[in-house]
There are 2 protein chains.
Amino acid sequence: MIEQFVAQSIGEWRSMRSGHSLAFKQFEEIVSTIKIKPVDLNDTIIEETIKKSSLNSCIAICPFSIEWLAESSWDNNKEEKNMNGKSILVPINVMNNEGYILRSLGYAEKVSAISKFNFLNDGTIILNTDYKQTIAEERIWFLSENVRCRSSVIRSKSSKAILQTSFASEIKRLFINE
Amino acid sequence: MIEQFVAQSIGEWRSMRSGHSLAFKQFEEIVSTIKIKPVDLNDTIIEETIKKSSLNSCIAICPFSIEWLAESSWDNNKEEKNMNGKSILVPINVMNNEGYILRSLGYAEKVSAISKFNFLNDGTIILNTDYKQTIAEERIWFLSENVRCRSSVIRSKSSKAILQTSFASEIKRLFINE
């Protein structure tokens, strides 16, 4: 199932994303392009990503990279550093549709991270990631072959308070033939 | 499970909602108050709602009402008529965590409607509603007792094109003690 999820995700996506800061009742709107490409299992970056993790041994499958490039934002206070970036994602130790994904850069905090993933019975993938100060839950589901939704919830690790939610509608633009 | 979902939903919610018009790449932002109250099974409105539906016989459980009041919108073109309203919702013929919900006013189109519902294995409720011109899928899941998320997808019935998605983050404000 992770193989199918990755295969469906490969491509170039145009993303409309809304963020909700619950405590401040603030909206954020971002349009971006997201490029998802397969990465060869023999690429040295895979071995490096595994070595950097705390895991001694693991079996990797269907690694991929995500590159994001924000085109515009309605929020002028948005820090630029979070707007563009690239991350390598390596699914490991997959059994019974559950497993882990090593990330060279995290989503909620820009450090390497390990996400635990599982699938709901309708094919929605749920990713849980423990960061230093926050816990993130992402869920991604496909509306059709070329449209997917992605929601996220970020909680404070200390207070468990929900800091931010977000929702992205993503439309596939091009297949990458390189 | 529908009983638990309705019980958790009873209360007054502050909702931050973002809409994405996919074809026009337009964002919409709405802050509203949503009041969800139980309705007595013996209330004549329940019988009326069932009579108005195309269903001859059905067993209703835990009916409730939803009242929504928009507080502000960043979109000046938003038509006022959709901003405030009230709907009676009557779950019927529930078996194995699936069933139908009669609505005195629909979500995507402002007519009475019948939604089919089911639950995912994490407790997320999915509502599918066939309108005259559109098909709506809503999913609602709780992040905690007092915070829930609600996403929707509206498709054209004729072309199957995805017209709009939306996402709401909702925080419970008060319990209704009346």
# chains A, B, ... in the order shown; residues from 1 in each chain; ligands from 1
$ select_by_dssp --residues "chain B" --states "alpha helix (DSSP H)" --output "PyMOL selection string"
chain B and resi 2-9+44-52
$ residues_around --residues "region 125-132 of chain B" --least-positions-apart "4" --cutoff "9 Å" --atoms "only C-alpha atoms" --output "CSV table (one decimal) with N, CA, C and O atoms, in the first residue's frame"
chain,number,residue,atom,x,y,z
B,2,ILE,N,-22.6,6.4,15.7
B,2,ILE,CA,-23.2,7.6,15.4
B,2,ILE,C,-23.6,8.3,16.6
B,2,ILE,O,-23.5,9.6,16.7
B,5,PHE,N,-20.7,10.0,18.0
B,5,PHE,CA,-20.3,11.2,17.2
B,5,PHE,C,-21.2,12.4,17.5
B,5,PHE,O,-20.8,13.5,17.6
B,100,TYR,N,-28.0,6.4,7.1
B,100,TYR,CA,-28.3,7.7,6.4
B,100,TYR,C,-28.6,8.8,7.3
B,100,TYR,O,-29.0,8.6,8.5
B,101,ILE,N,-28.4,10.0,6.9
B,101,ILE,CA,-28.8,11.2,7.6
B,101,ILE,C,-29.7,12.0,6.8
B,101,ILE,O,-29.3,12.5,5.7
B,106,GLY,N,-29.5,21.1,2.9
B,106,GLY,CA,-28.3,20.4,2.6
B,106,GLY,C,-27.1,21.4,2.8
B,106,GLY,O,-27.3,22.5,3.1
B,107,TYR,N,-25.9,20.8,2.6
B,107,TYR,CA,-24.7,21.6,2.7
B,107,TYR,C,-24.3,22.3,1.4
B,107,TYR,O,-24.1,23.5,1.3
B,108,ALA,N,-24.1,21.5,0.4
B,108,ALA,CA,-23.7,22.0,-0.9
B,108,ALA,C,-24.8,22.8,-1.6
B,108,ALA,O,-24.5,23.8,-2.3
B,109,GLU,N,-26.0,22.3,-1.5
B,109,GLU,CA,-27.1,23.0,-2.1
B,109,GLU,C,-28.2,23.1,-1.0
B,109,GLU,O,-28.4,22.2,-0.2
B,111,VAL,N,-31.2,22.7,-0.2
B,111,VAL,CA,-32.5,21.9,-0.3
B,111,VAL,C,-32.3,20.8,0.6
B,111,VAL,O,-31.3,20.5,1.1
B,112,SER,N,-33.5,20.1,0.9
B,112,SER,CA,-33.4,18.9,1.8
B,112,SER,C,-32.6,17.8,1.1
B,112,SER,O,-32.6,17.8,-0.2
B,113,ALA,N,-31.9,17.0,1.8
B,113,ALA,CA,-31.0,16.1,1.2
B,113,ALA,C,-30.9,14.8,2.1
B,113,ALA,O,-31.3,14.8,3.3
B,114,ILE,N,-30.5,13.7,1.5
B,114,ILE,CA,-30.2,12.5,2.2
B,114,ILE,C,-28.7,12.2,2.1
B,114,ILE,O,-28.2,12.1,1.0
B,115,SER,N,-28.0,12.1,3.2
B,115,SER,CA,-26.6,11.7,3.2
B,115,SER,C,-26.4,10.3,3.6
B,115,SER,O,-27.1,9.8,4.5
B,116,LYS,N,-25.5,9.6,2.9
B,116,LYS,CA,-25.1,8.3,3.4
B,116,LYS,C,-23.9,8.4,4.2
B,116,LYS,O,-23.0,9.2,3.9
B,117,PHE,N,-23.8,7.8,5.4
B,117,PHE,CA,-22.6,7.9,6.2
B,117,PHE,C,-22.0,6.6,6.5
B,117,PHE,O,-22.6,5.5,6.6
B,118,ASN,N,-20.7,6.6,6.8
B,118,ASN,CA,-20.0,5.5,7.3
B,118,ASN,C,-18.8,6.0,8.1
B,118,ASN,O,-18.4,7.2,8.0
B,119,PHE,N,-18.2,5.1,8.9
B,119,PHE,CA,-17.0,5.5,9.7
B,119,PHE,C,-15.8,4.8,9.2
B,119,PHE,O,-15.8,3.6,8.9
B,120,LEU,N,-14.6,5.5,9.2
B,120,LEU,CA,-13.3,4.9,9.0
B,120,LEU,C,-12.9,4.2,10.3
B,120,LEU,O,-13.5,4.5,11.4
B,136,ALA,N,-21.4,15.8,-2.8
B,136,ALA,CA,-20.5,16.3,-1.7
B,136,ALA,C,-20.0,15.2,-0.9
B,136,ALA,O,-20.8,14.3,-0.5
B,137,GLU,N,-18.7,15.2,-0.5
B,137,GLU,CA,-18.2,14.3,0.5
B,137,GLU,C,-17.6,15.1,1.6
B,137,GLU,O,-16.8,16.0,1.4
B,138,GLU,N,-18.1,14.9,2.8
B,138,GLU,CA,-17.6,15.5,4.0
B,138,GLU,C,-17.0,14.5,4.9
B,138,GLU,O,-17.4,13.4,5.0
B,139,ARG,N,-15.9,14.9,5.5
B,139,ARG,CA,-15.3,14.0,6.6
B,139,ARG,C,-15.0,14.8,7.8
B,139,ARG,O,-14.6,15.9,7.8
B,140,ILE,N,-15.4,14.3,9.0
B,140,ILE,CA,-15.2,15.0,10.2
B,140,ILE,C,-14.5,14.0,11.2
B,140,ILE,O,-14.8,12.9,11.3
B,141,TRP,N,-13.4,14.6,11.8
B,141,TRP,CA,-12.7,13.8,12.8
B,141,TRP,C,-12.3,14.6,14.0
B,141,TRP,O,-12.1,15.8,13.8
B,157,LYS,N,-21.9,16.9,-10.7
B,157,LYS,CA,-22.5,15.6,-11.0
B,157,LYS,C,-22.4,15.2,-12.4
B,157,LYS,O,-22.2,14.0,-12.8
$ residues_around --residues "Ser57 (chain A)" --least-positions-apart "3" --cutoff "12 Å" --atoms "only C-alpha atoms" --output "PyMOL selection string"
chain A and resi 47+50-54+60+92-93
$ closest_residue --among "B:Lys35, B:Arg148, B:His20, B:Arg173" --to "chain A" --atoms "only C-alpha atoms"
B:His20
$ interface_residues --of "chain B" --to "chain A" --cutoff "9 Å" --atoms "only C-alpha atoms" --output "count of residues only"
27
$ residues_around --residues "Lys172 (chain A)" --least-positions-apart "4" --cutoff "6 Å" --atoms "only C-alpha atoms" --output "PyMOL selection string"
chain A and resi 12-13+146
$ write_last_selection --atoms "C-alpha atoms" --output "PDB file, in the first residue's frame"
ATOM      1  CA  GLU A  12       4.443  17.786 -10.033  1.00  0.00           C
ATOM      2  CA  TRP A  13       1.627  19.168  -7.901  1.00  0.00           C
ATOM      3  CA  ASN A 146      -4.717  13.691 -10.042  1.00  0.00           C
TER       4      ASN A 146
END
$ residues_around --residues "Ile61 (chain B)" --least-positions-apart "6" --cutoff "8 Å" --atoms "only C-alpha atoms" --output "PyMOL selection string"
chain B and resi 3+41+90-92
$ atom_distance --atom1 "CA of Ser158 (chain B)" --atom2 "CA of Ile10 (chain A)"
28.6 Å
$ select_by_dssp --residues "region 2-130 of chain A" --states "strand (DSSP E)" --output "PyMOL selection string"
chain A and resi 11-21+26-38+64-73+84-95+98-103+113-119+125-130
$ residues_around --residues "Trp68 (chain B)" --least-positions-apart "3" --cutoff "9 Å" --atoms "only C-alpha atoms" --output "PyMOL selection string"
chain B and resi 32-36+83-87
$ write_last_selection --atoms "C-alpha atoms" --output "mmCIF file, in the first residue's frame"
data_model
loop_
_atom_site.group_PDB
_atom_site.id
_atom_site.type_symbol
_atom_site.label_atom_id
_atom_site.label_comp_id
_atom_site.auth_asym_id
_atom_site.auth_seq_id
_atom_site.Cartn_x
_atom_site.Cartn_y
_atom_site.Cartn_z
ATOM 1 C CA SER B 32 -18.396 31.333 12.119
ATOM 2 C CA THR B 33 -20.181 30.033 15.164
ATOM 3 C CA ILE B 34 -21.881 26.667 14.855
ATOM 4 C CA LYS B 35 -24.439 25.565 17.420
ATOM 5 C CA ILE B 36 -25.226 21.852 17.529
ATOM 6 C CA MET B 83 -23.831 32.494 5.622
ATOM 7 C CA ASN B 84 -26.531 31.870 8.204
ATOM 8 C CA GLY B 85 -28.932 29.009 8.504
ATOM 9 C CA LYS B 86 -30.276 26.093 10.439
ATOM 10 C CA SER B 87 -30.710 22.472 9.512
#
$ residues_around --residues "Ile88 (chain B)" --least-positions-apart "4" --cutoff "9 Å" --atoms "only C-alpha atoms" --output "PDB file with N, CA and C atoms, in the first residue's frame"
ATOM      1  N   VAL B  39     -32.118  17.138  19.358  1.00  0.00           N
ATOM      2  CA  VAL B  39     -33.542  17.385  19.114  1.00  0.00           C
ATOM      3  C   VAL B  39     -34.302  16.171  19.650  1.00  0.00           C
ATOM      4  N   ILE B  45     -40.983  18.021  14.234  1.00  0.00           N
ATOM      5  CA  ILE B  45     -40.068  18.306  13.117  1.00  0.00           C
ATOM      6  C   ILE B  45     -39.412  17.015  12.595  1.00  0.00           C
ATOM      7  N   ILE B  46     -39.235  16.049  13.474  1.00  0.00           N
ATOM      8  CA  ILE B  46     -38.608  14.778  13.068  1.00  0.00           C
ATOM      9  C   ILE B  46     -39.542  14.028  12.109  1.00  0.00           C
ATOM     10  N   THR B  49     -39.677  15.817   8.818  1.00  0.00           N
ATOM     11  CA  THR B  49     -38.462  15.616   8.011  1.00  0.00           C
ATOM     12  C   THR B  49     -38.485  14.240   7.347  1.00  0.00           C
ATOM     13  N   PRO B  63     -31.468  12.493  16.711  1.00  0.00           N
ATOM     14  CA  PRO B  63     -31.524  13.644  15.807  1.00  0.00           C
ATOM     15  C   PRO B  63     -30.917  14.891  16.454  1.00  0.00           C
ATOM     16  N   PHE B  64     -30.433  15.777  15.609  1.00  0.00           N
ATOM     17  CA  PHE B  64     -29.808  16.997  16.138  1.00  0.00           C
ATOM     18  C   PHE B  64     -30.001  18.140  15.153  1.00  0.00           C
ATOM     19  N   SER B  65     -29.775  19.349  15.635  1.00  0.00           N
ATOM     20  CA  SER B  65     -29.877  20.520  14.765  1.00  0.00           C
ATOM     21  C   SER B  65     -28.529  21.213  14.688  1.00  0.00           C
ATOM     22  N   ILE B  66     -28.254  21.807  13.538  1.00  0.00           N
ATOM     23  CA  ILE B  66     -27.036  22.611  13.351  1.00  0.00           C
ATOM     24  C   ILE B  66     -27.454  24.005  12.919  1.00  0.00           C
ATOM     25  N   GLU B  67     -26.966  24.991  13.658  1.00  0.00           N
ATOM     26  CA  GLU B  67     -27.246  26.380  13.321  1.00  0.00           C
ATOM     27  C   GLU B  67     -25.901  27.055  13.102  1.00  0.00           C
ATOM     28  N   LEU B 102     -30.969  12.210   7.220  1.00  0.00           N
ATOM     29  CA  LEU B 102     -31.862  13.140   6.520  1.00  0.00           C
ATOM     30  C   LEU B 102     -31.498  14.557   6.957  1.00  0.00           C
ATOM     31  N   ARG B 103     -31.441  15.484   5.994  1.00  0.00           N
ATOM     32  CA  ARG B 103     -31.142  16.879   6.327  1.00  0.00           C
ATOM     33  C   ARG B 103     -32.261  17.772   5.814  1.00  0.00           C
ATOM     34  N   SER B 104     -32.763  18.623   6.682  1.00  0.00           N
ATOM     35  CA  SER B 104     -33.827  19.528   6.235  1.00  0.00           C
ATOM     36  C   SER B 104     -33.264  20.589   5.283  1.00  0.00           C
ATOM     37  N   LEU B 105     -31.968  20.875   5.409  1.00  0.00           N
ATOM     38  CA  LEU B 105     -31.265  21.767   4.464  1.00  0.00           C
ATOM     39  C   LEU B 105     -29.929  21.134   4.165  1.00  0.00           C
TER      40      LEU B 105
END
$ atom_distance --atom1 "CA of Ala70 (chain B)" --atom2 "CA of Leu89 (chain B)"
19.8 Å
